[in-house]
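Coordinates from coords03.txt are shown below (compact mmCIF, C-alpha atoms and all ligand atoms).
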```txt
# COMPACT_ATOMS: atom_id res chain seq x y z
CA MET N 1 34.84 -31.41 3.68
CA GLU N 2 34.88 -29.11 6.72
CA LYS N 3 31.58 -27.39 7.48
CA LYS N 4 31.47 -23.61 7.21
CA ARG N 5 29.78 -21.58 9.95
CA ILE N 6 27.16 -19.04 8.92
CA GLN N 7 26.85 -16.17 11.37
CA ILE N 8 23.36 -15.19 12.43
CA PHE N 9 22.81 -11.44 12.70
CA ASP N 10 19.46 -10.86 14.36
CA THR N 11 17.73 -7.57 13.59
CA THR N 12 14.38 -8.24 15.31
CA LEU N 13 15.00 -5.29 17.63
CA ARG N 14 15.88 -2.89 14.79
CA ASP N 15 14.42 -3.79 11.36
CA GLY N 16 11.79 -6.00 13.01
CA GLU N 17 10.70 -3.28 15.35
CA GLN N 18 10.22 -0.80 12.49
CA VAL N 19 6.85 -2.44 11.77
CA PRO N 20 3.83 -0.17 12.29
CA GLY N 21 2.21 -0.84 15.65
CA CYS N 22 5.14 -2.82 17.00
CA LYS N 23 6.76 -0.61 19.59
CA LEU N 24 8.89 -2.30 22.23
CA ASN N 25 9.89 -0.60 25.46
CA THR N 26 13.38 -0.94 26.94
CA LYS N 27 12.36 -3.70 29.36
CA GLU N 28 10.86 -5.79 26.56
CA LYS N 29 13.87 -5.17 24.33
CA VAL N 30 16.26 -6.35 27.04
CA ARG N 31 14.09 -9.41 27.66
CA ILE N 32 14.16 -10.31 23.95
CA ALA N 33 17.92 -9.62 23.72
CA LYS N 34 18.54 -12.08 26.60
CA GLN N 35 16.47 -14.69 24.81
CA LEU N 36 18.42 -14.08 21.57
CA GLU N 37 21.65 -14.54 23.51
CA ALA N 38 20.37 -17.87 24.88
CA LEU N 39 19.29 -18.83 21.36
CA GLY N 40 22.89 -18.40 20.24
CA VAL N 41 22.79 -15.55 17.71
CA ASP N 42 26.18 -14.07 16.79
CA VAL N 43 25.07 -10.45 16.48
CA ILE N 44 22.14 -8.53 17.97
CA GLU N 45 21.22 -5.35 16.11
CA ALA N 46 19.84 -3.56 19.16
CA GLY N 47 18.46 -0.42 17.56
CA PHE N 48 18.96 2.87 15.74
CA PRO N 49 20.10 5.12 18.63
CA THR N 50 19.75 8.43 16.81
CA SER N 51 16.07 7.75 16.06
CA SER N 52 14.81 8.44 19.61
CA PRO N 53 16.04 8.82 23.22
CA GLY N 54 14.11 5.63 24.02
CA ASP N 55 15.96 3.64 21.38
CA TYR N 56 19.30 5.10 22.57
CA LYS N 57 18.51 3.95 26.11
CA SER N 58 17.47 0.49 24.91
CA VAL N 59 20.78 0.03 23.09
CA GLN N 60 22.67 1.15 26.23
CA GLU N 61 20.73 -1.26 28.48
CA ILE N 62 21.18 -4.17 26.07
CA CYS N 63 24.96 -3.49 26.05
CA LYS N 64 24.98 -3.76 29.86
CA SER N 65 22.89 -6.96 29.97
CA ILE N 66 24.42 -9.05 27.18
CA SER N 67 27.87 -10.60 27.13
CA LYS N 68 28.16 -13.16 24.32
CA PRO N 69 26.83 -11.73 21.04
CA ILE N 70 28.22 -8.63 19.35
CA ILE N 71 25.89 -5.67 19.93
CA CYS N 72 25.32 -3.61 16.82
CA ALA N 73 23.75 -0.17 16.37
CA LEU N 74 22.50 1.31 13.10
CA SER N 75 23.36 4.75 11.76
CA ARG N 76 23.08 6.64 8.49
CA ALA N 77 26.28 7.85 6.82
CA ILE N 78 26.07 11.03 8.88
CA GLU N 79 28.67 12.01 11.50
CA LYS N 80 26.14 12.89 14.20
CA ASP N 81 24.34 9.52 13.77
CA ILE N 82 27.60 7.61 13.92
CA GLU N 83 28.74 9.46 17.03
CA ILE N 84 25.43 8.76 18.79
CA ALA N 85 25.62 5.08 17.83
CA GLY N 86 29.23 4.92 19.08
CA ASN N 87 28.25 6.48 22.42
CA ALA N 88 25.24 4.21 22.90
CA LEU N 89 27.52 1.19 22.41
CA LYS N 90 30.12 2.25 25.02
CA ASP N 91 29.28 -0.51 27.53
CA ALA N 92 29.16 -3.36 25.02
CA LYS N 93 31.68 -6.18 25.46
CA MET N 94 31.83 -6.40 21.66
CA ALA N 95 30.42 -3.47 19.68
CA ARG N 96 29.70 -2.93 16.01
CA ILE N 97 28.51 0.19 14.19
CA HIS N 98 26.34 -0.52 11.13
CA THR N 99 26.52 2.48 8.84
CA GLY N 100 25.76 2.96 5.18
CA ILE N 101 24.02 4.72 2.34
CA GLY N 102 21.78 4.01 -0.67
CA THR N 103 23.76 2.93 -3.74
CA SER N 104 21.09 2.26 -6.41
CA ASP N 105 20.45 4.80 -9.19
CA CYS N 106 16.99 5.36 -7.74
CA HIS N 107 18.34 6.22 -4.26
CA ILE N 108 21.25 8.29 -5.57
CA ARG N 109 19.06 10.36 -7.86
CA TYR N 110 15.79 10.70 -5.95
CA LYS N 111 16.68 10.22 -2.30
CA PHE N 112 20.01 12.06 -2.23
CA ASN N 113 19.89 14.15 -5.42
CA SER N 114 23.54 13.18 -5.68
CA THR N 115 26.07 11.43 -7.93
CA PRO N 116 27.79 8.03 -7.73
CA GLU N 117 31.14 9.75 -7.02
CA LYS N 118 29.71 11.69 -4.08
CA ILE N 119 28.08 8.53 -2.69
CA ILE N 120 31.42 6.70 -2.75
CA GLU N 121 33.00 9.62 -0.90
CA LYS N 122 30.26 9.57 1.75
CA ALA N 123 30.65 5.79 2.14
CA LYS N 124 34.38 6.21 2.70
CA LEU N 125 33.96 9.06 5.22
CA SER N 126 31.28 7.19 7.18
CA VAL N 127 33.45 4.11 7.65
CA GLN N 128 36.49 6.25 8.48
CA TYR N 129 34.49 8.12 11.10
CA ALA N 130 32.88 4.99 12.60
CA LYS N 131 36.37 3.51 13.05
CA LYS N 132 37.06 6.29 15.60
CA PHE N 133 34.48 4.66 17.92
CA VAL N 134 34.73 0.92 17.27
CA GLU N 135 37.01 -1.51 15.47
CA ASP N 136 34.13 -3.54 14.04
CA VAL N 137 32.35 -1.50 11.33
CA GLU N 138 29.67 -2.97 9.09
CA PHE N 139 28.78 -1.04 5.95
CA TYR N 140 25.38 -1.40 4.23
CA ALA N 141 24.84 -0.52 0.58
CA GLU N 142 21.13 0.20 0.81
CA ASP N 143 19.08 -1.07 -2.14
CA ALA N 144 22.05 -3.18 -3.27
CA GLY N 145 19.48 -5.50 -4.84
CA ARG N 146 18.83 -2.85 -7.51
CA THR N 147 22.39 -1.52 -7.63
CA ASN N 148 24.57 -2.09 -10.69
CA ASN N 149 27.11 -4.81 -9.79
CA GLU N 150 30.17 -2.92 -11.10
CA PHE N 151 29.29 0.16 -9.06
CA LEU N 152 28.52 -1.97 -6.00
CA ALA N 153 31.96 -3.59 -6.34
CA LYS N 154 33.57 -0.11 -6.36
CA VAL N 155 31.69 0.86 -3.20
CA CYS N 156 32.75 -2.38 -1.50
CA GLU N 157 36.40 -1.95 -2.50
CA THR N 158 36.39 1.58 -1.09
CA VAL N 159 34.89 0.72 2.28
CA ILE N 160 37.22 -2.27 2.69
CA LYS N 161 40.16 0.07 2.06
CA TYR N 162 38.93 2.31 4.87
CA GLY N 163 38.45 -0.47 7.38
CA ALA N 164 34.98 -2.02 7.00
CA THR N 165 34.98 -5.47 8.63
CA VAL N 166 31.57 -6.57 7.33
CA ILE N 167 29.70 -5.55 4.17
CA ASN N 168 25.94 -5.90 4.03
CA ILE N 169 24.26 -6.34 0.63
CA PRO N 170 20.59 -5.54 1.35
CA ASP N 171 17.86 -6.40 -1.08
CA THR N 172 15.98 -3.54 0.57
CA THR N 173 12.90 -3.73 -1.65
CA GLY N 174 12.73 -7.52 -2.01
CA TYR N 175 13.37 -7.09 -5.73
CA CYS N 176 15.83 -9.86 -6.63
CA LEU N 177 15.21 -13.40 -7.74
CA PRO N 178 17.29 -15.99 -5.85
CA GLU N 179 19.55 -16.72 -8.84
CA GLU N 180 20.13 -12.98 -9.40
CA TYR N 181 20.92 -12.26 -5.75
CA GLY N 182 23.29 -15.24 -5.59
CA ARG N 183 25.02 -14.02 -8.76
CA LYS N 184 25.49 -10.59 -7.17
CA ILE N 185 27.18 -12.12 -4.11
CA ARG N 186 29.37 -14.33 -6.31
CA PHE N 187 30.30 -11.32 -8.47
CA LEU N 188 31.47 -9.39 -5.40
CA LYS N 189 33.39 -12.41 -4.08
CA GLU N 190 35.20 -12.72 -7.40
CA ASN N 191 35.76 -9.07 -8.30
CA VAL N 192 36.30 -7.01 -5.15
CA LYS N 193 39.88 -6.53 -4.01
CA GLY N 194 40.26 -7.46 -0.32
CA ILE N 195 36.86 -9.22 -0.11
CA HIS N 196 38.49 -12.23 1.60
CA LYS N 197 39.37 -9.94 4.57
CA ILE N 198 35.74 -9.12 5.39
CA ILE N 199 32.47 -10.88 6.13
CA LEU N 200 29.89 -10.54 3.37
CA SER N 201 26.33 -10.39 4.67
CA THR N 202 22.86 -10.96 3.22
CA HIS N 203 19.90 -8.80 4.25
CA CYS N 204 16.76 -9.69 2.29
CA HIS N 205 13.24 -8.35 2.41
CA ASN N 206 10.17 -10.39 1.66
CA ASP N 207 8.10 -8.23 -0.72
CA LEU N 208 7.76 -11.14 -3.16
CA GLY N 209 8.02 -13.88 -0.55
CA LEU N 210 11.63 -14.57 -1.58
CA ALA N 211 13.60 -13.29 1.43
CA THR N 212 14.60 -16.71 2.73
CA ALA N 213 15.29 -18.12 -0.75
CA ASN N 214 17.46 -15.09 -1.56
CA SER N 215 19.41 -15.39 1.70
CA LEU N 216 19.98 -19.07 1.00
CA SER N 217 21.19 -18.26 -2.49
CA GLY N 218 23.50 -15.63 -0.97
CA ILE N 219 25.17 -18.06 1.42
CA MET N 220 25.41 -20.74 -1.26
CA ASN N 221 27.37 -18.21 -3.29
CA GLY N 222 29.80 -17.20 -0.56
CA ALA N 223 28.10 -14.87 1.95
CA GLN N 224 29.10 -15.72 5.54
CA GLN N 225 26.40 -13.88 7.51
CA VAL N 226 22.59 -13.77 7.29
CA GLU N 227 20.57 -10.85 8.68
CA CYS N 228 17.15 -11.99 9.81
CA THR N 229 14.37 -11.57 12.35
CA ILE N 230 12.34 -13.86 14.57
CA ASN N 231 9.04 -14.76 12.87
CA GLY N 232 10.30 -12.82 9.82
CA ILE N 233 8.90 -9.53 11.15
CA GLY N 234 10.10 -6.32 9.53
CA GLU N 235 9.31 -3.47 7.15
CA ARG N 236 6.34 -4.15 4.82
CA ALA N 237 6.29 -7.92 4.12
CA GLY N 238 9.15 -8.45 6.56
CA ASN N 239 12.71 -9.79 6.58
CA THR N 240 14.25 -13.22 6.18
CA SER N 241 12.95 -15.29 9.05
CA LEU N 242 15.63 -16.60 11.40
CA GLU N 243 13.87 -19.88 12.08
CA GLU N 244 13.50 -20.64 8.36
CA ILE N 245 17.10 -20.01 7.32
CA VAL N 246 18.49 -21.80 10.40
CA MET N 247 16.33 -24.89 9.86
CA ILE N 248 17.06 -24.97 6.11
CA ILE N 249 20.77 -25.07 6.96
CA ARG N 250 20.20 -27.73 9.64
CA GLN N 251 18.00 -29.98 7.49
CA ASN N 252 20.34 -29.89 4.48
CA SER N 253 23.64 -31.31 5.68
CA HIS N 254 24.87 -31.55 2.05
CA LEU N 255 25.23 -27.74 2.08
CA ASN N 256 28.14 -28.22 4.51
CA LEU N 257 27.01 -25.24 6.55
CA PHE N 258 26.08 -24.80 10.19
CA THR N 259 24.97 -22.11 12.63
CA ASN N 260 25.39 -21.82 16.40
CA ILE N 261 21.63 -21.55 16.96
CA LYS N 262 20.15 -23.77 19.69
CA THR N 263 17.17 -24.78 17.64
CA LYS N 264 15.24 -26.22 20.61
CA LEU N 265 14.73 -22.60 21.78
CA ILE N 266 13.16 -21.47 18.50
CA SER N 267 9.55 -22.04 19.49
CA GLU N 268 9.74 -20.19 22.84
CA THR N 269 11.67 -17.32 21.21
CA SER N 270 9.00 -16.98 18.55
CA TYR N 271 6.31 -16.93 21.23
CA LEU N 272 8.13 -14.28 23.29
CA VAL N 273 8.60 -11.98 20.28
CA SER N 274 4.99 -12.40 19.23
CA GLU N 275 3.77 -11.70 22.77
CA CYS N 276 5.94 -8.59 23.28
CA THR N 277 5.36 -7.08 19.83
CA GLY N 278 1.69 -8.01 19.55
CA MET N 279 2.48 -9.33 16.05
CA LYS N 280 0.54 -12.58 15.66
CA VAL N 281 2.28 -15.38 13.78
CA GLN N 282 0.22 -16.61 10.82
CA ALA N 283 -1.08 -20.14 11.47
CA ASN N 284 0.65 -21.64 8.43
CA LYS N 285 4.02 -19.91 9.00
CA ALA N 286 6.89 -22.35 8.41
CA ILE N 287 8.46 -23.75 11.61
CA VAL N 288 6.61 -21.54 14.13
CA GLY N 289 2.98 -21.30 12.95
CA VAL N 290 0.44 -23.23 15.08
CA ASN N 291 -0.31 -25.43 12.08
CA ALA N 292 3.35 -26.18 11.25
CA PHE N 293 3.17 -29.54 13.04
CA SER N 294 -0.62 -30.11 13.01
CA HIS N 295 -2.35 -32.63 10.79
CA SER N 296 -6.05 -32.55 9.98
CA SER N 297 -6.70 -34.56 6.82
CA GLY N 298 -7.50 -38.24 7.23
CA ILE N 299 -4.81 -39.46 4.82
CA HIS N 300 -2.06 -37.46 6.54
CA GLN N 301 -3.24 -38.39 10.02
CA ASP N 302 -3.24 -42.07 9.14
CA GLY N 303 0.33 -41.71 7.81
CA ILE N 304 1.58 -39.72 10.82
CA ILE N 305 0.13 -42.26 13.26
CA LYS N 306 1.96 -45.05 11.41
CA LYS N 307 5.23 -43.12 11.07
CA ARG N 308 5.81 -39.42 11.76
CA GLU N 309 8.23 -39.04 8.84
CA THR N 310 5.49 -39.81 6.27
CA TYR N 311 4.31 -36.21 6.47
CA GLU N 312 6.96 -34.34 8.51
CA ILE N 313 10.54 -33.54 7.52
CA ILE N 314 11.36 -31.80 10.78
CA ASN N 315 11.14 -33.42 14.19
CA PRO N 316 9.03 -30.92 16.20
CA GLU N 317 11.24 -31.56 19.26
CA ASP N 318 14.16 -30.04 17.32
CA VAL N 319 12.45 -26.65 17.43
CA GLY N 320 11.12 -27.02 20.96
CA ILE N 321 7.64 -28.41 20.28
CA ASP N 322 6.73 -31.51 22.33
CA GLN N 323 4.91 -33.37 19.60
CA SER N 324 2.93 -33.07 16.38
CA SER N 325 -0.82 -32.72 16.82
CA ILE N 326 -3.68 -34.55 15.25
CA ILE N 327 -6.60 -32.14 14.80
CA LEU N 328 -10.03 -33.74 14.49
CA THR N 329 -12.13 -32.18 11.73
CA ALA N 330 -14.65 -33.42 9.18
CA ARG N 331 -11.64 -34.40 7.03
CA SER N 332 -10.30 -36.80 9.66
CA GLY N 333 -10.58 -40.54 9.30
CA ARG N 334 -11.24 -43.45 11.63
CA ALA N 335 -7.53 -43.94 12.40
CA ALA N 336 -7.22 -40.43 13.85
CA LEU N 337 -10.46 -40.76 15.80
CA ALA N 338 -9.38 -44.08 17.32
CA TYR N 339 -5.96 -42.59 18.09
CA ARG N 340 -7.47 -39.64 19.95
CA TYR N 341 -9.87 -41.89 21.90
CA LYS N 342 -6.90 -44.04 22.82
CA LYS N 343 -5.12 -40.96 24.16
CA LEU N 344 -8.21 -40.28 26.30
CA GLY N 345 -8.08 -43.85 27.59
CA TYR N 346 -10.73 -45.52 25.43
CA SER N 347 -10.02 -48.44 23.19
CA LEU N 348 -12.83 -48.88 20.60
CA ASN N 349 -13.54 -52.13 18.75
CA LYS N 350 -14.45 -52.00 15.05
CA ASN N 351 -18.25 -51.82 15.46
CA SER N 352 -18.06 -49.13 18.13
CA LEU N 353 -15.63 -47.12 16.06
CA ASP N 354 -17.96 -47.25 13.02
CA LEU N 355 -20.87 -46.02 15.10
CA VAL N 356 -18.90 -43.31 16.88
CA TYR N 357 -17.35 -42.19 13.60
CA SER N 358 -20.72 -41.51 11.95
CA ILE N 359 -21.84 -39.40 14.93
CA PHE N 360 -18.44 -37.69 14.95
CA LEU N 361 -18.87 -36.69 11.27
CA SER N 362 -22.23 -35.08 11.89
CA TYR N 363 -20.65 -33.04 14.72
CA ALA N 364 -17.55 -32.22 12.71
CA ASP N 365 -19.59 -30.97 9.73
CA ARG N 366 -21.09 -28.36 12.04
CA LYS N 367 -17.91 -27.44 13.93
CA LYS N 368 -14.41 -26.60 12.72
CA GLU N 369 -12.62 -28.74 15.25
CA ILE N 370 -13.70 -31.42 17.70
CA ALA N 371 -12.27 -31.14 21.19
CA ASP N 372 -11.81 -33.88 23.83
CA LYS N 373 -14.92 -32.93 25.80
CA GLU N 374 -17.01 -33.38 22.64
CA LEU N 375 -15.48 -36.79 22.05
CA LYS N 376 -16.84 -37.87 25.40
CA ILE N 377 -20.32 -36.53 24.54
CA ILE N 378 -20.19 -38.41 21.23
CA LEU N 379 -19.42 -41.60 23.10
CA GLU N 380 -22.47 -41.08 25.30
CA LYS N 381 -24.64 -40.31 22.28
CA ALA N 382 -23.58 -43.56 20.71
CA ASN N 383 -24.97 -45.15 23.85
CA ILE N 384 -22.11 -47.54 23.91
CA LYS N 385 -21.88 -49.67 26.96
CA LYS N 386 -18.62 -49.05 28.64
CA LYS N 387 -17.11 -52.06 30.26
CA ARG N 388 -15.52 -50.17 33.05
CA MET N 389 -12.95 -52.83 33.49
CA LEU N 390 -9.65 -51.12 33.67
CA HIS N 391 -6.85 -52.65 31.69
CA ASN N 392 -3.40 -52.89 33.24
CA SER N 393 -2.64 -49.84 31.16
CA GLY N 394 -5.50 -47.93 32.79
CA ARG N 395 -7.34 -47.89 29.47
CA ILE N 396 -11.13 -48.36 29.37
CA ASN N 397 -12.37 -50.96 26.91
CA VAL N 398 -15.45 -49.84 25.01
CA VAL N 399 -17.64 -52.53 23.49
O1 LIG K 1 16.77 -3.03 4.23
C1 LIG K 1 17.76 -2.29 4.38
O2 LIG K 1 18.38 -1.83 3.42
C2 LIG K 1 18.16 -1.98 5.75
C3 LIG K 1 19.45 -1.24 5.93
C4 LIG K 1 19.26 -0.02 6.74
C5 LIG K 1 20.48 -2.16 6.48
O3 LIG K 1 17.51 -2.35 6.69
ZN ZN K 2 16.12 -3.94 6.06
```
Mind turning the file's structure into structure tokens?
Ligand code: KIV
Ligand code: ZN
Amino acid sequence: MEKKRIQIFDTTLRDGEQVPGCKLNTKEKVRIAKQLEALGVDVIEAGFPTSSPGDYKSVQEICKSISKPIICALSRAIEKDIEIAGNALKDAKMARIHTGIGTSDCHIRYKFNSTPEKIIEKAKLSVQYAKKFVEDVEFYAEDAGRTNNEFLAKVCETVIKYGATVINIPDTTGYCLPEEYGRKIRFLKENVKGIHKIILSTHCHNDLGLATANSLSGIMNGAQQVECTINGIGERAGNTSLEEIVMIIRQNSHLNLFTNIKTKLISETSYLVSECTGMKVQANKAIVGVNAFSHSSGIHQDGIIKKRETYEIINPEDVGIDQSSIILTARSGRAALAYRYKKLGYSLNKNSLDLVYSIFLSYADRKKEIADKELKIILEKANIKKKRMLHNSGRINVV
């Protein structure tokens, strides 16, 4: 069966940047956009031009600096917003306007004090107007996660009729369960006239930690595009993380899906975004956390030393990390200690290892992690005679 390509729509510079305390200047935004281009994303959502002159300028500069991905700008379903987005995108090789409106009962009633009929009319007019500026118009049905499926289908049918090329189904509040979100996508695929003409997109938030699972469920039920951010940054608990969805697709060939992402650039991209935004990546974050390829318990370390696959399903090199690390703590065993000494050039026999290990444990119980310089001190403490006869390998035998 032929593999289907899933398009990666990166919104680090728009939804990701909406996080409190994470303001990027134009220079940083352009730098990140260039990295996203190298990474191989299909679409870069560069900003929300009407929100500030700075964001307008950033979108303009990104359009001038980027040639491969589509550059997308966000707008509300308001003529002025759409016009500003269209103008900011003028220099893009490929431009997309992303416009839309809230479609859930909650948004219609409380945010707009409106009616479903009026919302459909606004959706239609916004797409019609955006088409005056660009051919590629993406429509978002905000809070689609909590929108009644029949009404959502009507909205989709309307915007397709007026020229939408992509329809985004955001789970804005991170409300859906994976099965429910997948069912919503399937329902639209099966019930909306003209749906085969457009790209259906997922856009999931992580309020219950389900953003990636929901996006996966969306693509398994027919969505062709995933909206995501580097390191999963975004409003509140964040968005679907690009590295997670991309690696899930890569690791599960039975899904018959692929993306154009150059996964070896994932680690450096994550680092750049964290550095520019000041948003630290949690240590245990999947794929890009510092602990994602680190092993500290004795049982795991012993397994990893024997064969990496015993405790790792991803080869760290595939995401741009040289190798897995063995962290020495009080939970480490003799195998890990001997392995680390070997890396430092010392080969310990059984008796020496037993002696060094007991001293190591007393150190490790006091400290979180034992570094190389401490390993050398431990060796001296053990008062082990070093036969400073160098092996051919350059290794020092310790007896
Ligand atoms: O979460 C959301 O609904 C959004 C839209 C503006 C696309 O970010
Ligand atoms: Zn969002």
Residues of chain N that approach ligand ZN 2 (chain K) to 8 Å or less, counting only C-alpha atoms and all ligand atoms: could you list each one with the shortest pair of atoms and its distance in Å to one decimal, rows by chain and increasing residue number, as a Markdown table?
```
| residue | atom | partner | partner_atom | distance |
| --- | --- | --- | --- | --- |
| N:Asp15 | CA | K:ZN2 | ZN | 5.6 |
| N:Pro170 | CA | K:ZN2 | ZN | 6.7 |
| N:Asp171 | CA | K:ZN2 | ZN | 7.7 |
| N:Thr172 | CA | K:ZN2 | ZN | 5.5 |
| N:His203 | CA | K:ZN2 | ZN | 6.4 |
| N:Cys204 | CA | K:ZN2 | ZN | 6.9 |
| N:His205 | CA | K:ZN2 | ZN | 6.4 |
| N:Gly234 | CA | K:ZN2 | ZN | 7.3 |
| N:Glu235 | CA | K:ZN2 | ZN | 6.9 |
| N:Asn239 | CA | K:ZN2 | ZN | 6.8 |
```
* **Neighbourhood of ligand LIG 1 (chain K) at 10 Å, counting all atoms listed in the file, reported as a PyMOL selection string** => chain N and resi 11+14-16+18+48+74-76+98-102+138-145+168-174+202-205+227+234-235+238-239
* Kindly provide, as number ranges by chain, the polymer residues lying within 10 Å of (21.2, -2.9, 21.1), counting all atoms listed in the file and using the coordinates exactly as they appear in the file. => N: 11, 13-14, 26, 29-30, 33, 43-49, 55-66, 70-74, 85, 88-89, 92, 95-96
* Which of these residues is nearest to Leu257 of chain N, using only C-alpha atoms: N:Val159, N:Ile108, N:Leu328, N:Ala223? ->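 Comparing N:Val159, N:Ile108, N:Leu328, N:Ala223 against Leu257 of chain N, the winner is N:Ala223.
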* To do: Would you list the contacts of Ile287 of chain N as number ranges by chain, taking every protein, DNA or RNA residue within 7 Å and counting only C-alpha atoms, but skipping same-chain residues closer than 3 positions in sequence?
  => N: 243-244, 292
Quick one: which segment 142-242 of chain N residues come within 12 Å of segment 112-119 of chain N, and what is the nearest atom pair for each with the distance in Å to one decimal, counting all atoms listed in the file, rows ordered by chain and ascending number, as a tab-separated table?
```
residue	atom	partner	partner_atom	distance
N:Glu142	CA	N:Ile119	CA	11.4
N:Thr147	CA	N:Pro116	CA	11.0
N:Asn148	CA	N:Pro116	CA	11.0
N:Glu150	CA	N:Pro116	CA	11.7
N:Phe151	CA	N:Pro116	CA	8.1
N:Leu152	CA	N:Pro116	CA	10.2
N:Lys154	CA	N:Pro116	CA	10.1
N:Val155	CA	N:Ile119	CA	8.5
N:Cys156	CA	N:Ile119	CA	11.9
N:Thr158	CA	N:Ile119	CA	11.0
N:Val159	CA	N:Ile119	CA	11.5
```
* Record the distance separating atom CA of Glu79 of chain N and atom CA of Thr50 of chain N, expressed in Å with one decimal. =>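 Calculated distance between atom CA of Glu79 of chain N and atom CA of Thr50 of chain N is 11.0 Å.
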* Asked: Counting only C-alpha atoms, what is within 12 Å of Val290 of chain N, bar same-chain residues fewer than 4 positions away, as an NGL selection string?
  -> :N and (267 or 270-271 or 280-286 or 294-295 or 316 or 321 or 323-325 or 327)
* Coordinates-based distance that separates atom CA of Leu272 of chain N from atom CA of Ala211 of chain N (Å, one decimal) ->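 Result for atom CA of Ala211 of chain N versus atom CA of Leu272 of chain N: 22.6 Å, one decimal.
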Is it possible to add N, CA and C atoms to segment 145-160 of chain N and hand it back as an mmCIF file, in the frame of the given file?
```
data_model
loop_
_atom_site.group_PDB
_atom_site.id
_atom_site.type_symbol
_atom_site.label_atom_id
_atom_site.label_comp_id
_atom_site.auth_asym_id
_atom_site.auth_seq_id
_atom_site.Cartn_x
_atom_site.Cartn_y
_atom_site.Cartn_z
ATOM 1 N N GLY N 145 20.201 -4.604 -3.936
ATOM 2 C CA GLY N 145 19.480 -5.500 -4.840
ATOM 3 C C GLY N 145 19.264 -4.867 -6.208
ATOM 4 N N ARG N 146 19.057 -3.533 -6.223
ATOM 5 C CA ARG N 146 18.830 -2.850 -7.510
ATOM 6 C C ARG N 146 20.050 -2.023 -7.931
ATOM 7 N N THR N 147 21.189 -2.285 -7.284
ATOM 8 C CA THR N 147 22.390 -1.520 -7.630
ATOM 9 C C THR N 147 23.196 -2.270 -8.687
ATOM 10 N N ASN N 148 23.708 -1.524 -9.645
ATOM 11 C CA ASN N 148 24.570 -2.090 -10.690
ATOM 12 C C ASN N 148 25.780 -2.781 -10.029
ATOM 13 N N ASN N 149 26.065 -4.019 -10.464
ATOM 14 C CA ASN N 149 27.110 -4.810 -9.790
ATOM 15 C C ASN N 149 28.493 -4.165 -9.846
ATOM 16 N N GLU N 150 28.835 -3.540 -10.980
ATOM 17 C CA GLU N 150 30.170 -2.920 -11.100
ATOM 18 C C GLU N 150 30.297 -1.759 -10.109
ATOM 19 N N PHE N 151 29.236 -0.960 -9.996
ATOM 20 C CA PHE N 151 29.290 0.160 -9.060
ATOM 21 C C PHE N 151 29.337 -0.347 -7.608
ATOM 22 N N LEU N 152 28.551 -1.385 -7.346
ATOM 23 C CA LEU N 152 28.520 -1.970 -6.000
ATOM 24 C C LEU N 152 29.925 -2.473 -5.619
ATOM 25 N N ALA N 153 30.589 -3.074 -6.594
ATOM 26 C CA ALA N 153 31.960 -3.590 -6.340
ATOM 27 C C ALA N 153 32.888 -2.429 -5.974
ATOM 28 N N LYS N 154 32.724 -1.290 -6.660
ATOM 29 C CA LYS N 154 33.570 -0.110 -6.360
ATOM 30 C C LYS N 154 33.327 0.379 -4.939
ATOM 31 N N VAL N 155 32.038 0.418 -4.556
ATOM 32 C CA VAL N 155 31.690 0.860 -3.200
ATOM 33 C C VAL N 155 32.332 -0.084 -2.180
ATOM 34 N N CYS N 156 32.201 -1.376 -2.438
ATOM 35 C CA CYS N 156 32.750 -2.380 -1.500
ATOM 36 C C CYS N 156 34.262 -2.224 -1.372
ATOM 37 N N GLU N 157 34.936 -2.075 -2.505
ATOM 38 C CA GLU N 157 36.400 -1.950 -2.500
ATOM 39 C C GLU N 157 36.828 -0.736 -1.673
ATOM 40 N N THR N 158 36.062 0.349 -1.827
ATOM 41 C CA THR N 158 36.390 1.580 -1.090
ATOM 42 C C THR N 158 36.244 1.389 0.408
ATOM 43 N N VAL N 159 35.102 0.817 0.820
ATOM 44 C CA VAL N 159 34.890 0.720 2.280
ATOM 45 C C VAL N 159 35.833 -0.305 2.912
ATOM 46 N N ILE N 160 36.234 -1.299 2.149
ATOM 47 C CA ILE N 160 37.220 -2.270 2.690
ATOM 48 C C ILE N 160 38.535 -1.526 2.923
#
```
